[in-house]
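J.: One structure, as structure tokens, below. Some questions next.
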Amino acid sequence: MLEEIKALSAQIKSDLSAISTPEELEAFRLKHLVRKGTIAQLFDRMREVSKEDKPLVGKEMNILRTTAQSGFDELQSGVSKKEAKPSEDLTLPPRTLYHGHEHPIMQAKARMEEIFIRMGFTIATGPDIEDDYHNFEALNFPPDHPARDMQDTFFVKHGDREDVVLRTHTSPVQIRMMQSHEPPIRAIMPGRVYRNESITARSLAEFYQVEGLYVDKGVTMAQLKGTLFEFAKAYYGEDIKFRFRPSFFPFTEPSAEMDITCFLCDGQGCRVCKQSGWLEILGCGMVHPNVLSNCGIDPEVYSGYAFGMGIERTQMLAIGLDDIRLFYENDMRFLGQF
Ligand code: DAH
């Protein structure tokens, strides 16, 4: 009997090693593992074994059965795993590939630059960390002048100096341009600005502005209006209406703010435009004679206009967005729309 068990064990091992298809596995099961299979038949013959030999033969039989069964199980799970692997479905739509792209504010900045370049402006830049002179004083903000409070300032520790600030607007780049270039000067100056403001739906502590400056002989307010109107039409669409309102900035005289018709109500009056039908898009004016003199330009000979606008705000008005924070929350559902 032990001889027969040994022979069958060898047979089972060689059968197992030869299996490579589900059909062969099934044939193995029918040959060895079913009620009428080889193993069961040997078990039936246990009756013939003497009482003394039974424990040993029984043990060998159990080993045989376990080996056959676990060999079978192992192969079966391997085979079924192979079967479970889905075949390729060529009718499935392809997975979406997400492409990176420029941030919407950088796109808006590029659009503005393009419009002004077409009108003959060049692009100038200046440092984000400024001194009081360029950010305020040369722009005709005298020390202790209340206009300094219009822009809540971040001061920067820099050795013993107390006049170092993060620029609160891009207007100091005007000063740098006029100090280093002879008129005619016609440039826009895009860049990041910083204000000590709390972050709300309408304000950020860090945002972008584009400044514009044109200095030459005989520059007029009519030219300023014409240039800004052309810009507004190119940016917001041909149908846009605009108006100039008197305003105050220390560095321009006269000063104005420009409004366009509200994108939401088309000038009828609504919540967004506080029932006025108008939305402010920028500040502007004729460069103050003091500012020209501060930069070594003779105000008796030259005149200039200047303007400044926030890029986020301009873009919000173009797309009808009511919360500025969305630009910087890195939410793909928002950013992916641009
Ligand atoms: N610097 C102003 C601000 O940040 C914006 C501005 C207004 C710029 C009038 C100008 C200007 O050049 O002429 O609020």
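Order determines the names: the first chain of the structure tokens is A, the second B, and so forth; residues in each chain are numbered 1 upward, and ligands are numbered 1 upward as they are shown.
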Considering only C-alpha atoms, return as a PyMOL selection string whatever protein or nucleic-acid residues lie within 8 Å of Val173 of chain A, sequence-local ones (same chain, fewer than 2 positions apart) excluded.

T.: chain A and resi 124-126+134+170-171+175-177+189

J.: Can you work out which residues are within 9 Å of ligand 1, considering only C-alpha atoms and all ligand atoms, and then hand them over as a compact mmCIF listing (two decimals) with all heavy atoms, in the first residue's frame?

T.:
```txt
# COMPACT_ATOMS: atom_id res chain seq x y z
N MET A 150 -4.08 105.72 2.04
CA MET A 150 -4.91 105.06 1.02
C MET A 150 -4.40 103.64 0.77
O MET A 150 -5.13 102.78 0.33
CB MET A 150 -4.84 105.84 -0.31
CG MET A 150 -5.65 107.15 -0.32
SD MET A 150 -5.16 108.22 -1.70
CE MET A 150 -5.91 107.42 -3.09
N GLN A 151 -3.14 103.43 1.02
CA GLN A 151 -2.54 102.12 0.77
C GLN A 151 -1.80 101.66 2.02
O GLN A 151 -0.79 102.22 2.39
CB GLN A 151 -1.56 102.22 -0.41
CG GLN A 151 -2.24 102.71 -1.67
CD GLN A 151 -1.26 103.08 -2.74
OE1 GLN A 151 -0.05 103.05 -2.54
NE2 GLN A 151 -1.77 103.45 -3.89
N THR A 168 3.48 99.30 -2.82
CA THR A 168 2.02 99.21 -2.65
C THR A 168 1.30 99.42 -3.97
O THR A 168 0.09 99.24 -4.06
CB THR A 168 1.53 100.29 -1.67
OG1 THR A 168 1.96 101.56 -2.18
CG2 THR A 168 2.11 100.08 -0.29
N HIS A 169 2.05 99.82 -4.98
CA HIS A 169 1.49 100.00 -6.32
C HIS A 169 2.65 99.95 -7.33
O HIS A 169 3.82 99.93 -6.93
CB HIS A 169 0.67 101.29 -6.44
CG HIS A 169 1.36 102.53 -5.96
ND1 HIS A 169 0.79 103.77 -6.00
CD2 HIS A 169 2.61 102.74 -5.43
CE1 HIS A 169 1.63 104.68 -5.52
NE2 HIS A 169 2.72 104.07 -5.17
N THR A 170 2.30 99.92 -8.62
CA THR A 170 3.37 99.86 -9.62
C THR A 170 3.83 101.27 -10.01
O THR A 170 4.76 101.41 -10.81
CB THR A 170 2.90 99.09 -10.88
OG1 THR A 170 1.55 99.45 -11.18
CG2 THR A 170 2.99 97.59 -10.67
N SER A 171 3.21 102.30 -9.43
CA SER A 171 3.58 103.67 -9.80
C SER A 171 5.07 104.00 -9.58
O SER A 171 5.60 104.82 -10.34
CB SER A 171 2.68 104.68 -9.06
OG SER A 171 1.33 104.40 -9.36
N PRO A 172 5.77 103.41 -8.58
CA PRO A 172 7.20 103.73 -8.48
C PRO A 172 7.99 103.38 -9.74
O PRO A 172 9.06 103.98 -9.97
CB PRO A 172 7.68 102.90 -7.28
CG PRO A 172 6.59 101.95 -6.95
CD PRO A 172 5.33 102.58 -7.44
N GLN A 174 7.11 104.14 -12.65
CA GLN A 174 7.07 105.39 -13.43
C GLN A 174 8.28 106.25 -13.10
O GLN A 174 8.93 106.80 -13.97
CB GLN A 174 5.85 106.23 -13.03
CG GLN A 174 4.51 105.78 -13.50
CD GLN A 174 3.47 106.85 -13.14
OE1 GLN A 174 3.77 108.03 -13.00
NE2 GLN A 174 2.22 106.42 -13.02
N VAL A 193 2.08 93.74 -6.49
CA VAL A 193 2.09 94.76 -5.45
C VAL A 193 1.55 94.18 -4.14
O VAL A 193 0.92 93.12 -4.15
CB VAL A 193 1.25 96.00 -5.88
CG1 VAL A 193 1.80 96.59 -7.16
CG2 VAL A 193 -0.21 95.66 -6.04
N GLN A 209 -0.77 94.63 -10.71
CA GLN A 209 -1.24 95.86 -11.36
C GLN A 209 -0.52 96.03 -12.68
O GLN A 209 0.56 95.48 -12.88
CB GLN A 209 -0.91 97.08 -10.49
CG GLN A 209 -1.83 97.28 -9.30
CD GLN A 209 -1.58 98.62 -8.61
OE1 GLN A 209 -0.51 99.21 -8.73
NE2 GLN A 209 -2.57 99.10 -7.88
N VAL A 210 -1.14 96.80 -13.54
CA VAL A 210 -0.43 97.29 -14.73
C VAL A 210 -0.51 98.80 -14.70
O VAL A 210 -1.59 99.38 -14.56
CB VAL A 210 -1.08 96.77 -16.04
CG1 VAL A 210 -0.45 97.46 -17.24
CG2 VAL A 210 -0.90 95.27 -16.17
N GLU A 211 0.66 99.40 -14.79
CA GLU A 211 0.77 100.85 -14.78
C GLU A 211 1.03 101.31 -16.20
O GLU A 211 1.66 100.57 -16.97
CB GLU A 211 1.99 101.19 -13.90
CG GLU A 211 2.15 102.63 -13.58
CD GLU A 211 1.29 103.01 -12.39
OE1 GLU A 211 0.78 102.12 -11.70
OE2 GLU A 211 1.14 104.22 -12.16
N GLY A 212 0.56 102.48 -16.56
CA GLY A 212 0.88 103.00 -17.89
C GLY A 212 1.41 104.43 -17.77
O GLY A 212 0.98 105.18 -16.89
N LEU A 213 2.33 104.79 -18.65
CA LEU A 213 2.91 106.13 -18.60
C LEU A 213 3.26 106.59 -20.01
O LEU A 213 3.86 105.86 -20.78
CB LEU A 213 4.19 106.11 -17.74
CG LEU A 213 4.99 107.42 -17.68
CD1 LEU A 213 4.22 108.46 -16.86
CD2 LEU A 213 6.36 107.16 -17.05
N SER A 247 -11.35 112.27 -9.66
CA SER A 247 -10.89 111.53 -8.49
C SER A 247 -9.65 112.23 -7.93
O SER A 247 -9.32 113.34 -8.37
CB SER A 247 -10.57 110.10 -8.90
OG SER A 247 -10.21 109.34 -7.76
N PHE A 248 -8.99 111.59 -7.00
CA PHE A 248 -7.77 112.20 -6.48
C PHE A 248 -6.65 111.17 -6.37
O PHE A 248 -6.83 110.09 -5.82
CB PHE A 248 -7.99 112.81 -5.09
CG PHE A 248 -6.70 113.24 -4.46
CD1 PHE A 248 -6.07 114.41 -4.87
CD2 PHE A 248 -6.05 112.43 -3.52
CE1 PHE A 248 -4.85 114.79 -4.32
CE2 PHE A 248 -4.82 112.81 -2.97
CZ PHE A 248 -4.23 113.99 -3.38
N PHE A 249 -5.50 111.48 -6.91
CA PHE A 249 -4.25 110.77 -6.64
C PHE A 249 -3.19 111.85 -6.50
O PHE A 249 -3.20 112.84 -7.25
CB PHE A 249 -3.88 109.82 -7.79
CG PHE A 249 -4.93 108.78 -8.07
CD1 PHE A 249 -5.80 108.94 -9.15
CD2 PHE A 249 -5.07 107.67 -7.25
CE1 PHE A 249 -6.80 107.99 -9.39
CE2 PHE A 249 -6.06 106.72 -7.50
CZ PHE A 249 -6.93 106.89 -8.58
N PRO A 250 -2.26 111.69 -5.57
CA PRO A 250 -1.25 112.75 -5.37
C PRO A 250 -0.38 112.96 -6.59
O PRO A 250 0.12 114.07 -6.82
CB PRO A 250 -0.40 112.22 -4.20
CG PRO A 250 -1.20 111.13 -3.58
CD PRO A 250 -2.11 110.58 -4.64
N PHE A 251 -0.20 111.90 -7.39
CA PHE A 251 0.78 111.96 -8.49
C PHE A 251 0.18 112.38 -9.81
O PHE A 251 0.88 112.42 -10.82
CB PHE A 251 1.49 110.61 -8.63
CG PHE A 251 0.60 109.42 -8.37
CD1 PHE A 251 -0.12 108.84 -9.40
CD2 PHE A 251 0.47 108.91 -7.09
CE1 PHE A 251 -0.95 107.77 -9.15
CE2 PHE A 251 -0.37 107.82 -6.83
CZ PHE A 251 -1.09 107.25 -7.87
N THR A 252 -1.14 112.67 -9.84
CA THR A 252 -1.74 113.15 -11.08
C THR A 252 -2.61 114.37 -10.80
O THR A 252 -3.19 114.50 -9.73
CB THR A 252 -2.62 112.05 -11.74
OG1 THR A 252 -3.41 111.43 -10.74
CG2 THR A 252 -1.78 111.02 -12.46
N GLU A 253 -2.69 115.24 -11.79
CA GLU A 253 -3.54 116.43 -11.67
C GLU A 253 -3.92 116.94 -13.05
O GLU A 253 -3.02 117.32 -13.80
CB GLU A 253 -2.79 117.51 -10.88
CG GLU A 253 -3.62 118.76 -10.63
CD GLU A 253 -4.92 118.47 -9.87
OE1 GLU A 253 -4.91 117.63 -8.96
OE2 GLU A 253 -5.95 119.06 -10.23
N SER A 255 -6.98 114.23 -11.77
CA SER A 255 -7.05 112.77 -11.65
C SER A 255 -8.46 112.30 -11.98
O SER A 255 -9.43 113.05 -11.80
CB SER A 255 -6.74 112.34 -10.22
OG SER A 255 -5.47 112.80 -9.81
N ALA A 256 -8.55 111.08 -12.44
CA ALA A 256 -9.87 110.54 -12.77
C ALA A 256 -9.90 109.04 -12.52
O ALA A 256 -8.85 108.41 -12.36
CB ALA A 256 -10.18 110.82 -14.25
N GLU A 257 -11.11 108.51 -12.45
CA GLU A 257 -11.28 107.07 -12.47
C GLU A 257 -12.16 106.75 -13.65
O GLU A 257 -13.03 107.52 -14.03
CB GLU A 257 -11.90 106.58 -11.16
CG GLU A 257 -10.85 106.48 -10.06
CD GLU A 257 -11.43 106.15 -8.70
OE1 GLU A 257 -12.38 106.82 -8.28
OE2 GLU A 257 -10.92 105.23 -8.08
N LEU A 282 -10.22 101.55 -13.43
CA LEU A 282 -8.84 102.03 -13.23
C LEU A 282 -8.80 103.47 -12.75
O LEU A 282 -9.79 104.20 -12.79
CB LEU A 282 -8.04 101.89 -14.53
CG LEU A 282 -8.58 102.52 -15.82
CD1 LEU A 282 -8.29 104.00 -15.89
CD2 LEU A 282 -7.93 101.83 -17.01
N GLY A 283 -7.59 103.85 -12.28
CA GLY A 283 -7.31 105.23 -11.92
C GLY A 283 -6.36 105.82 -12.95
O GLY A 283 -5.56 105.10 -13.55
N CYS A 284 -6.45 107.14 -13.16
CA CYS A 284 -5.59 107.74 -14.18
C CYS A 284 -5.52 109.25 -13.99
O CYS A 284 -6.16 109.80 -13.08
CB CYS A 284 -6.11 107.42 -15.58
SG CYS A 284 -7.76 108.05 -15.88
N GLY A 285 -4.76 109.90 -14.83
CA GLY A 285 -4.69 111.35 -14.75
C GLY A 285 -3.50 111.87 -15.51
O GLY A 285 -2.76 111.12 -16.14
N MET A 286 -3.32 113.21 -15.45
CA MET A 286 -2.16 113.85 -16.07
C MET A 286 -1.04 113.89 -15.02
O MET A 286 -1.29 114.34 -13.88
CB MET A 286 -2.52 115.26 -16.53
CG MET A 286 -3.63 115.32 -17.56
SD MET A 286 -3.35 114.25 -18.99
CE MET A 286 -1.99 115.10 -19.80
N VAL A 287 0.15 113.46 -15.40
CA VAL A 287 1.26 113.38 -14.44
C VAL A 287 1.46 114.74 -13.77
O VAL A 287 1.57 115.77 -14.46
CB VAL A 287 2.55 112.92 -15.13
CG1 VAL A 287 3.69 112.83 -14.11
CG2 VAL A 287 2.35 111.58 -15.82
N TYR A 305 0.62 111.54 -19.32
CA TYR A 305 -0.52 110.92 -18.64
C TYR A 305 -0.08 109.61 -18.03
O TYR A 305 0.95 109.03 -18.43
CB TYR A 305 -1.74 110.76 -19.55
CG TYR A 305 -1.64 109.78 -20.70
CD1 TYR A 305 -1.47 108.41 -20.49
CD2 TYR A 305 -1.80 110.22 -22.02
CE1 TYR A 305 -1.43 107.52 -21.55
CE2 TYR A 305 -1.75 109.34 -23.09
CZ TYR A 305 -1.56 107.98 -22.84
OH TYR A 305 -1.52 107.10 -23.88
N ALA A 306 -0.85 109.14 -17.05
CA ALA A 306 -0.54 107.87 -16.38
C ALA A 306 -1.84 107.18 -16.03
O ALA A 306 -2.89 107.82 -15.90
CB ALA A 306 0.28 108.12 -15.12
N PHE A 307 -1.77 105.89 -15.91
CA PHE A 307 -2.95 105.14 -15.45
C PHE A 307 -2.48 103.88 -14.73
O PHE A 307 -1.31 103.47 -14.87
CB PHE A 307 -3.88 104.79 -16.62
CG PHE A 307 -3.21 104.02 -17.73
CD1 PHE A 307 -3.14 102.63 -17.71
CD2 PHE A 307 -2.67 104.69 -18.83
CE1 PHE A 307 -2.53 101.94 -18.75
CE2 PHE A 307 -2.06 104.00 -19.87
CZ PHE A 307 -1.99 102.61 -19.83
N GLY A 308 -3.36 103.31 -13.94
CA GLY A 308 -3.01 102.09 -13.22
C GLY A 308 -4.25 101.27 -12.97
O GLY A 308 -5.30 101.82 -12.64
N MET A 309 -4.11 99.95 -13.16
CA MET A 309 -5.27 99.08 -12.89
C MET A 309 -4.83 97.75 -12.31
O MET A 309 -3.69 97.32 -12.52
CB MET A 309 -6.06 98.87 -14.17
CG MET A 309 -5.33 98.11 -15.25
SD MET A 309 -6.27 98.17 -16.79
CE MET A 309 -5.19 99.14 -17.81
N GLY A 310 -5.71 97.13 -11.57
CA GLY A 310 -5.42 95.82 -11.00
C GLY A 310 -5.76 94.74 -12.03
O GLY A 310 -6.82 94.79 -12.65
```

J.: Skipping near chain neighbours, those fewer than 5 positions away, what residues fall within 10 Å of segment 111-119 of chain A using only C-alpha atoms, listed as a PyMOL selection string?

T.: chain A and resi 105-106+186-190+210+212+227-228+230-232+234-235+311+314

J.: Which residue is closest to Val219 of chain A? Choose from A:Ser303, A:Gln76, A:Ser293, A:Ser87 and count only C-alpha atoms.

T.: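 Closest to Val219 of chain A, using only C-alpha atoms: A:Ser303.
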
J.: List every residue of segment 269-329 of chain A that DSSP, applied to the backbone, labels as strand (DSSP E), and write the result as a list in words.

T.: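 These are the residues in question: Trp278, Leu279, Glu280, Ile281, Leu282, Gly283, Cys284, Gly285, Met286, Val287, Ser303, Gly304, Tyr305, Ala306, Phe307, Gly308, Met309 and Gly310 of chain A.
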
J.: For the atom pair atom CA of Arg245 of chain A and atom CA of Ile319 of chain A, what is the interatomic distance in Å to one decimal place?

T.: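 Atom CA of Ile319 of chain A lies 23.7 Å from atom CA of Arg245 of chain A.
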
J.: Within 12 Å of Leu335 of chain A, counting only C-alpha atoms, which residues qualify if same-chain residues fewer than 3 places away don't, as a PyMOL selection string?

T.: chain A and resi 98-107+325-332+338

J.: Name the residues of segment 100-207 of chain A that come out as helix (DSSP H, G or I) in a backbone DSSP run; write them as a VMD selection string.

T.: chain A and resid 104 to 118 132 to 135 137 to 139 146 to 150 171 to 180

J.: Skipping near chain neighbours, those fewer than 4 positions away, what residues fall within 12 Å of Val301 of chain A using only C-alpha atoms, listed as a VMD selection string?

T.: chain A and resid 183 to 184 215 to 219 289 292 to 293 296 to 297

J.: Next, dump the selected residues to file, keeping only N, CA and C atoms, as a compact mmCIF listing (two decimals), in the first residue's frame.

T.:
```
# COMPACT_ATOMS: atom_id res chain seq x y z
N PRO A 183 12.28 111.68 -22.34
CA PRO A 183 11.04 111.59 -23.10
C PRO A 183 11.37 111.61 -24.61
N PRO A 184 10.57 111.09 -25.49
CA PRO A 184 9.29 110.46 -25.17
C PRO A 184 9.42 109.08 -24.50
N VAL A 215 4.91 110.14 -21.58
CA VAL A 215 5.44 111.50 -21.36
C VAL A 215 6.07 111.99 -22.67
N ASP A 216 5.63 113.14 -23.11
CA ASP A 216 6.19 113.72 -24.33
C ASP A 216 5.78 115.19 -24.37
N LYS A 217 6.14 115.88 -25.44
CA LYS A 217 5.66 117.25 -25.58
C LYS A 217 4.21 117.20 -26.02
N GLY A 218 3.36 117.97 -25.34
CA GLY A 218 1.98 118.10 -25.80
C GLY A 218 1.07 116.90 -25.58
N VAL A 219 1.37 116.09 -24.57
CA VAL A 219 0.46 114.97 -24.25
C VAL A 219 -0.79 115.53 -23.57
N PRO A 289 2.93 118.00 -12.21
CA PRO A 289 4.20 118.70 -12.51
C PRO A 289 5.29 118.40 -11.48
N LEU A 292 7.02 115.20 -12.42
CA LEU A 292 7.95 115.37 -13.55
C LEU A 292 9.24 116.02 -13.06
N SER A 293 9.12 117.11 -12.26
CA SER A 293 10.33 117.80 -11.77
C SER A 293 11.16 116.87 -10.90
N GLY A 296 13.50 115.07 -12.91
CA GLY A 296 14.37 115.84 -13.79
C GLY A 296 13.77 116.12 -15.16
N ILE A 297 12.45 116.10 -15.24
CA ILE A 297 11.80 116.42 -16.52
C ILE A 297 11.09 117.77 -16.35
```

J.: Using only C-alpha atoms, which residues sit within 12 Å of Asp239 of chain A once same-chain residues fewer than 5 positions away are excluded, as a VMD selection string?

T.: chain A and resid 229 to 230 232 to 234 260 to 263 266 to 267

J.: Please provide the set of residues having any atom within 9 Å of Ile19 of chain A, restricted to only C-alpha atoms, with same-chain residues fewer than 6 positions apart removed, written as a VMD selection string.

T.: chain A and resid 25 28 75

J.: Write to file, as a PDB file, in the first residue's frame, the residues of the selection just made, with all heavy atoms.

T.:
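Okay, this is what ended up in selection.pdb:
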```pdb
ATOM      1  N   LEU A  25      -6.253  21.553 -16.125  1.00  0.00           N
ATOM      2  CA  LEU A  25      -6.506  21.602 -14.683  1.00  0.00           C
ATOM      3  C   LEU A  25      -7.779  20.819 -14.355  1.00  0.00           C
ATOM      4  O   LEU A  25      -7.828  20.054 -13.382  1.00  0.00           O
ATOM      5  CB  LEU A  25      -6.643  23.066 -14.249  1.00  0.00           C
ATOM      6  CG  LEU A  25      -6.752  23.301 -12.751  1.00  0.00           C
ATOM      7  CD1 LEU A  25      -5.463  22.866 -12.043  1.00  0.00           C
ATOM      8  CD2 LEU A  25      -7.033  24.771 -12.434  1.00  0.00           C
ATOM      9  N   PHE A  28      -7.162  17.150 -14.505  1.00  0.00           N
ATOM     10  CA  PHE A  28      -6.463  16.723 -13.284  1.00  0.00           C
ATOM     11  C   PHE A  28      -7.465  16.465 -12.162  1.00  0.00           C
ATOM     12  O   PHE A  28      -7.420  15.452 -11.470  1.00  0.00           O
ATOM     13  CB  PHE A  28      -5.465  17.801 -12.878  1.00  0.00           C
ATOM     14  CG  PHE A  28      -4.781  17.548 -11.557  1.00  0.00           C
ATOM     15  CD1 PHE A  28      -3.609  16.786 -11.507  1.00  0.00           C
ATOM     16  CD2 PHE A  28      -5.312  18.038 -10.364  1.00  0.00           C
ATOM     17  CE1 PHE A  28      -2.978  16.542 -10.279  1.00  0.00           C
ATOM     18  CE2 PHE A  28      -4.693  17.781  -9.151  1.00  0.00           C
ATOM     19  CZ  PHE A  28      -3.517  17.031  -9.109  1.00  0.00           C
ATOM     20  N   LEU A  75      -3.005  26.346  -8.533  1.00  0.00           N
ATOM     21  CA  LEU A  75      -3.077  26.564  -9.979  1.00  0.00           C
ATOM     22  C   LEU A  75      -4.391  27.231 -10.363  1.00  0.00           C
ATOM     23  O   LEU A  75      -4.447  28.097 -11.232  1.00  0.00           O
ATOM     24  CB  LEU A  75      -2.941  25.233 -10.723  1.00  0.00           C
ATOM     25  CG  LEU A  75      -1.512  24.673 -10.732  1.00  0.00           C
ATOM     26  CD1 LEU A  75      -1.504  23.261 -11.296  1.00  0.00           C
ATOM     27  CD2 LEU A  75      -0.605  25.562 -11.566  1.00  0.00           C
TER      28      LEU A  75
END
```

J.: Mind pulling up the distance from atom CA of Arg192 of chain A to atom CA of Ile240 of chain A?

T.: 27.4 Å
